[in-house]
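K.L.:
Encoded as structure tokens, here's the structure I'll be asking about.
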Amino acid sequence: TFGGVINGSGSLVKVGTGTQTFSGAGSSLAGGMTVSAGQVTAVRPGALGTGPVNLTNGTTLAIGGLPGNTINGFNVTGTGWTLNNGPSI
């Protein structure tokens with residue numbers, strides 16, 4: 001679990017089969033996030049920043065922090081990806 005904020009114009013790529021949880025609210029990562037393996041879980045509003053989220057084959061995005069958690073763009077490639085209602089804290 002990463003509880004801080006992610007800021008900047010770059011992008012983030014999640015690799016590996018495990019789960020990465022982001023619990024910091026108000027991130028401003030503008031370049032987006034790509035989930036290339038495993039699962040990403042966002043448990044607070046704004047935890048994934050302001051860029052788009054990209055899911056690839058067999059990956060999962062779990063979004064908690066509802067209501068109020070938004071994603072600014074959503075892209076999928078391949079098959080077998082999953083979007084879940086995740087936990088909130």
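Please note that chains go A, B, ... in the order of the structure tokens, that every chain numbers its residues from 1, and that ligands are numbered from 1 in the order shown.
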Quick one: residues within 12 Å of A:Asn75, only C-alpha atoms, excluding same-chain residues fewer than 6 positions away - as a list of chain:residue names?
P.N.:
A:Gly32, A:Met33, A:Thr34, A:Val35, A:Gly51, A:Pro52, A:Val53, A:Asn54, A:Leu55, A:Thr56, A:Asn57, A:Leu61, A:Trp81, A:Leu83
K.L.:
So that I have them on file, write out the residues from the current selection with all heavy atoms, as an mmCIF file, in the first residue's frame.
P.N.:
```cif
data_model
loop_
_atom_site.group_PDB
_atom_site.id
_atom_site.type_symbol
_atom_site.label_atom_id
_atom_site.label_comp_id
_atom_site.auth_asym_id
_atom_site.auth_seq_id
_atom_site.Cartn_x
_atom_site.Cartn_y
_atom_site.Cartn_z
ATOM 1 N N GLY A 32 -0.843 9.653 -16.306
ATOM 2 C CA GLY A 32 -1.655 8.449 -16.280
ATOM 3 C C GLY A 32 -0.953 7.248 -15.687
ATOM 4 O O GLY A 32 0.212 7.300 -15.287
ATOM 5 N N MET A 33 -1.690 6.156 -15.649
ATOM 6 C CA MET A 33 -1.195 4.915 -15.080
ATOM 7 C C MET A 33 -1.572 3.758 -16.004
ATOM 8 O O MET A 33 -2.692 3.699 -16.493
ATOM 9 C CB MET A 33 -1.815 4.689 -13.703
ATOM 10 C CG MET A 33 -1.394 3.387 -13.050
ATOM 11 S SD MET A 33 -2.130 3.175 -11.415
ATOM 12 C CE MET A 33 -1.439 4.575 -10.550
ATOM 13 N N THR A 34 -0.626 2.852 -16.217
ATOM 14 C CA THR A 34 -0.891 1.642 -16.983
ATOM 15 C C THR A 34 -0.767 0.451 -16.056
ATOM 16 O O THR A 34 0.228 0.310 -15.357
ATOM 17 C CB THR A 34 0.099 1.500 -18.156
ATOM 18 O OG1 THR A 34 -0.091 2.606 -19.046
ATOM 19 C CG2 THR A 34 -0.126 0.202 -18.910
ATOM 20 N N VAL A 35 -1.788 -0.386 -16.043
ATOM 21 C CA VAL A 35 -1.773 -1.623 -15.271
ATOM 22 C C VAL A 35 -1.441 -2.725 -16.268
ATOM 23 O O VAL A 35 -2.281 -3.131 -17.055
ATOM 24 C CB VAL A 35 -3.118 -1.883 -14.574
ATOM 25 C CG1 VAL A 35 -3.032 -3.116 -13.690
ATOM 26 C CG2 VAL A 35 -3.561 -0.666 -13.776
ATOM 27 N N GLY A 51 -4.535 11.796 -14.715
ATOM 28 C CA GLY A 51 -4.375 11.216 -16.048
ATOM 29 C C GLY A 51 -5.238 9.983 -16.243
ATOM 30 O O GLY A 51 -5.887 9.504 -15.317
ATOM 31 N N PRO A 52 -5.227 9.425 -17.447
ATOM 32 C CA PRO A 52 -6.045 8.239 -17.728
ATOM 33 C C PRO A 52 -5.467 6.980 -17.090
ATOM 34 O O PRO A 52 -4.284 6.914 -16.768
ATOM 35 C CB PRO A 52 -5.983 8.139 -19.253
ATOM 36 C CG PRO A 52 -4.674 8.759 -19.611
ATOM 37 C CD PRO A 52 -4.479 9.874 -18.620
ATOM 38 N N VAL A 53 -6.317 5.980 -16.918
ATOM 39 C CA VAL A 53 -5.896 4.664 -16.457
ATOM 40 C C VAL A 53 -6.028 3.703 -17.631
ATOM 41 O O VAL A 53 -7.057 3.663 -18.304
ATOM 42 C CB VAL A 53 -6.755 4.179 -15.271
ATOM 43 C CG1 VAL A 53 -6.400 2.749 -14.891
ATOM 44 C CG2 VAL A 53 -6.569 5.105 -14.073
ATOM 45 N N ASN A 54 -4.971 2.952 -17.895
ATOM 46 C CA ASN A 54 -4.935 2.006 -19.006
ATOM 47 C C ASN A 54 -4.844 0.586 -18.457
ATOM 48 O O ASN A 54 -3.931 0.274 -17.695
ATOM 49 C CB ASN A 54 -3.719 2.280 -19.887
ATOM 50 C CG ASN A 54 -3.670 3.719 -20.338
ATOM 51 O OD1 ASN A 54 -4.530 4.168 -21.076
ATOM 52 N ND2 ASN A 54 -2.680 4.455 -19.865
ATOM 53 N N LEU A 55 -5.792 -0.271 -18.834
ATOM 54 C CA LEU A 55 -5.781 -1.676 -18.429
ATOM 55 C C LEU A 55 -5.390 -2.534 -19.628
ATOM 56 O O LEU A 55 -5.852 -2.294 -20.736
ATOM 57 C CB LEU A 55 -7.159 -2.122 -17.946
ATOM 58 C CG LEU A 55 -7.706 -1.499 -16.676
ATOM 59 C CD1 LEU A 55 -9.072 -2.073 -16.350
ATOM 60 C CD2 LEU A 55 -6.768 -1.702 -15.514
ATOM 61 N N THR A 56 -4.546 -3.528 -19.391
ATOM 62 C CA THR A 56 -4.152 -4.462 -20.444
ATOM 63 C C THR A 56 -4.677 -5.855 -20.104
ATOM 64 O O THR A 56 -5.350 -6.048 -19.092
ATOM 65 C CB THR A 56 -2.623 -4.478 -20.626
ATOM 66 O OG1 THR A 56 -2.021 -4.902 -19.409
ATOM 67 C CG2 THR A 56 -2.094 -3.105 -20.992
ATOM 68 N N ASN A 57 -4.344 -6.826 -20.922
ATOM 69 C CA ASN A 57 -4.859 -8.198 -20.781
ATOM 70 C C ASN A 57 -4.790 -8.724 -19.358
ATOM 71 O O ASN A 57 -3.734 -8.703 -18.724
ATOM 72 C CB ASN A 57 -4.051 -9.151 -21.660
ATOM 73 C CG ASN A 57 -4.378 -9.016 -23.122
ATOM 74 O OD1 ASN A 57 -5.446 -8.542 -23.488
ATOM 75 N ND2 ASN A 57 -3.464 -9.439 -23.964
ATOM 76 N N LEU A 61 -8.740 -3.290 -12.096
ATOM 77 C CA LEU A 61 -8.770 -1.998 -11.423
ATOM 78 C C LEU A 61 -9.930 -2.037 -10.448
ATOM 79 O O LEU A 61 -11.074 -2.281 -10.843
ATOM 80 C CB LEU A 61 -8.953 -0.857 -12.425
ATOM 81 C CG LEU A 61 -9.129 0.535 -11.828
ATOM 82 C CD1 LEU A 61 -7.874 0.945 -11.041
ATOM 83 C CD2 LEU A 61 -9.424 1.545 -12.925
ATOM 84 N N TRP A 81 -9.780 -8.103 -18.806
ATOM 85 C CA TRP A 81 -9.586 -7.111 -17.758
ATOM 86 C C TRP A 81 -10.863 -7.003 -16.924
ATOM 87 O O TRP A 81 -11.949 -7.370 -17.361
ATOM 88 C CB TRP A 81 -9.195 -5.752 -18.346
ATOM 89 C CG TRP A 81 -10.153 -5.267 -19.393
ATOM 90 C CD1 TRP A 81 -10.078 -5.499 -20.736
ATOM 91 C CD2 TRP A 81 -11.337 -4.525 -19.178
ATOM 92 N NE1 TRP A 81 -11.147 -4.937 -21.354
ATOM 93 C CE2 TRP A 81 -11.938 -4.331 -20.440
ATOM 94 C CE3 TRP A 81 -11.960 -4.006 -18.064
ATOM 95 C CZ2 TRP A 81 -13.132 -3.627 -20.590
ATOM 96 C CZ3 TRP A 81 -13.150 -3.302 -18.221
ATOM 97 C CH2 TRP A 81 -13.710 -3.115 -19.476
ATOM 98 N N LEU A 83 -13.083 -4.491 -13.919
ATOM 99 C CA LEU A 83 -13.284 -3.257 -13.156
ATOM 100 C C LEU A 83 -14.194 -3.597 -11.996
ATOM 101 O O LEU A 83 -15.305 -4.100 -12.187
ATOM 102 C CB LEU A 83 -13.919 -2.178 -14.051
ATOM 103 C CG LEU A 83 -14.200 -0.840 -13.409
ATOM 104 C CD1 LEU A 83 -12.911 -0.188 -12.924
ATOM 105 C CD2 LEU A 83 -14.901 0.074 -14.410
#
```
K.L.:
Measuring atom to atom with only C-alpha atoms, identify which of A:Ser36, A:Thr79, A:Gly24, A:Gly49 is nearest to A:Gly8.
P.N.:
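Going through A:Ser36, A:Thr79, A:Gly24, A:Gly49 one by one, the smallest distance to A:Gly8 is for A:Gly49.
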K.L.:
Compile the contact shell of A:Gly4 as a PyMOL selection string: residues with an atom at most 8 Å away, counting only C-alpha atoms, same-chain residues fewer than 6 positions apart removed.
P.N.:
chain A and resi 22-25
K.L.:
With N, CA and C atoms retained, could you export that selection as a compact mmCIF listing (two decimals), in the first residue's frame?
P.N.:
```
# COMPACT_ATOMS: atom_id res chain seq x y z
N PHE A 22 -3.36 2.15 -3.66
CA PHE A 22 -3.05 3.57 -3.49
C PHE A 22 -4.13 4.17 -2.60
N SER A 23 -3.71 4.74 -1.45
CA SER A 23 -4.68 5.26 -0.49
C SER A 23 -4.53 6.75 -0.21
N GLY A 24 -3.61 7.41 -0.87
CA GLY A 24 -3.45 8.85 -0.69
C GLY A 24 -4.46 9.61 -1.53
N ALA A 25 -5.10 10.60 -0.95
CA ALA A 25 -6.10 11.38 -1.68
C ALA A 25 -5.44 12.60 -2.32
```
K.L.:
Calculated over only C-alpha atoms, which of the candidates A:Asn72, A:Gly10, A:Ile63, A:Gly80 has the smallest distance to A:Val43?
P.N.:
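Selected residue with least distance to A:Val43: A:Ile63.
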K.L.:
Could you tell me which of A:Gln39, A:Thr50, A:Thr19, A:Thr77 comes closest to A:Asn7 if we count only C-alpha atoms?
P.N.:
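Among A:Gln39, A:Thr50, A:Thr19, A:Thr77, it is A:Thr50 that comes nearest to A:Asn7.
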K.L.:
Would you compute the distance between atom CA of A:Ala37 and atom CA of A:Thr21? Give it in Å to one decimal.
P.N.:
13.6 Å
K.L.:
Got a sec to tell me which of chain A DSSP assigns to strand (DSSP E), as a count of residues only?
P.N.:
32
K.L.:
I need the residue nearest A:Val76 from this list: A:Gly16, A:Gly38, A:Gly58, A:Gly3. Use only C-alpha atoms for the distance.
P.N.:
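Of A:Gly16, A:Gly38, A:Gly58, A:Gly3, the one nearest A:Val76 is A:Gly58, counting only C-alpha atoms.
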K.L.:
Can you work out which one of A:Arg44, A:Ile71, A:Thr60, A:Thr1 has the shortest atom-to-atom distance to A:Leu29, counting only C-alpha atoms?
P.N.:
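Distance minimum relative to A:Leu29 lands on A:Ile71.
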K.L.:
Nearest to A:Thr59: which of A:Val15, A:Ile6, A:Ala47, A:Ala30 is it, counting only C-alpha atoms?
P.N.:
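Going through A:Val15, A:Ile6, A:Ala47, A:Ala30 one by one, the smallest distance to A:Thr59 is for A:Val15.
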